[in-house]
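Let me begin by presenting the structure, written as C-alpha cells, before commenting on it.
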Amino acid sequence: PTPTDEPEPTGPPATPDPTHTPTTPPPQEEVDPVLDAGDEGPEVAELQLRLRQLNWVYNGEAHGRYDEETRAAVARFQSAYGVQGDPEGVYGPHTRQALEQHSTAP
C-alpha cells in the first residue's frame with residue numbers, strides 16, 4: 001500500500017455531555033443601598049445634594065457622611081412629603097423614590 005494525501009476518517013463530532021448542563025447565574029438586580037447614620041460615600045453625597053435642591057430641608061455641605069444633620073434632614077423630608085415605609089431618618093427605597101421625584105440627579 002502506498003501512502004495517500006487523504007486524511008484518515010475521524011469519528012462523529014463530539015457532543016456535549018448530557019449530564020453537564022452549563023448554567024449562567026441570573027443577572028443580579030442592582031439594588032440601591034439603604035443609607036443610615038454612619039454611612040459614608042458618594043451615595044450619601046448624592047443624597048445631600050438632592051436634599052439641598054429643595055432649598056429648606058438640608059443646608060449643609062455635601063461631604064458624603066451620613067451624620068446627624070443629614071439624618072434630621074431625611075426625617076424632615078419624610079414628614080413633609082408623607083413618606084411611609086422607611087424608618088424615620090433612614091434613606092430607604094420609599095424615601096429614595098419620593099426624593100428622586102422631587103429632585104434631579106446632581
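We name chains A, B, ... following the order of the C-alpha cells; residues begin at 1 in each chain, and ligands are numbered from 1 as shown.
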Leaving out region 77-90 of chain A and any residue of its chain fewer than 6 positions from it, which residues lie within 7 Å of it when counting only C-alpha atoms, given as a PDB file with C-alpha atoms, in the first residue's frame?
```
ATOM      1  CA  LEU A  35     -28.415  54.721  53.867  1.00  0.00           C
ATOM      2  CA  ASP A  36     -28.385  55.479  57.569  1.00  0.00           C
ATOM      3  CA  VAL A  57     -34.637  70.528  54.032  1.00  0.00           C
ATOM      4  CA  ARG A  71     -30.457  62.110  59.291  1.00  0.00           C
TER       5      ARG A  71
END
```
Counting only C-alpha atoms, which residue out of A:Ala73, A:Val34, A:Leu51, A:Ala62 sits closest to His102 (chain A)?
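Smallest separation from His102 (chain A) among the options: A:Leu51.
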For Glu68 (chain A), which of A:Arg50, A:Gly38, A:Thr95, A:Glu100 is the closest residue, counting only C-alpha atoms?
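Of A:Arg50, A:Gly38, A:Thr95, A:Glu100, the one nearest Glu68 (chain A), counting only C-alpha atoms, is A:Gly38.
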CA of Glu40 (chain A) to CA of Pro93 (chain A), straight-line distance in Å
17.6 Å
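CA of Asp32 (chain A) to CA of Gly60 (chain A) spans 23.1 Å [interatomic distance, one decimal].
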Using only C-alpha atoms, can you tell me which of A:Val31, A:Ala105, A:Ala98, A:Leu47 comes closest to Tyr66 (chain A)?
A:Leu47
Report the distance between CA of Asn55 (chain A) and CA of Leu99 (chain A) in Å, rounded to one decimal place.
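We find that CA of Asn55 (chain A) and CA of Leu99 (chain A) lie 13.0 Å from each other.
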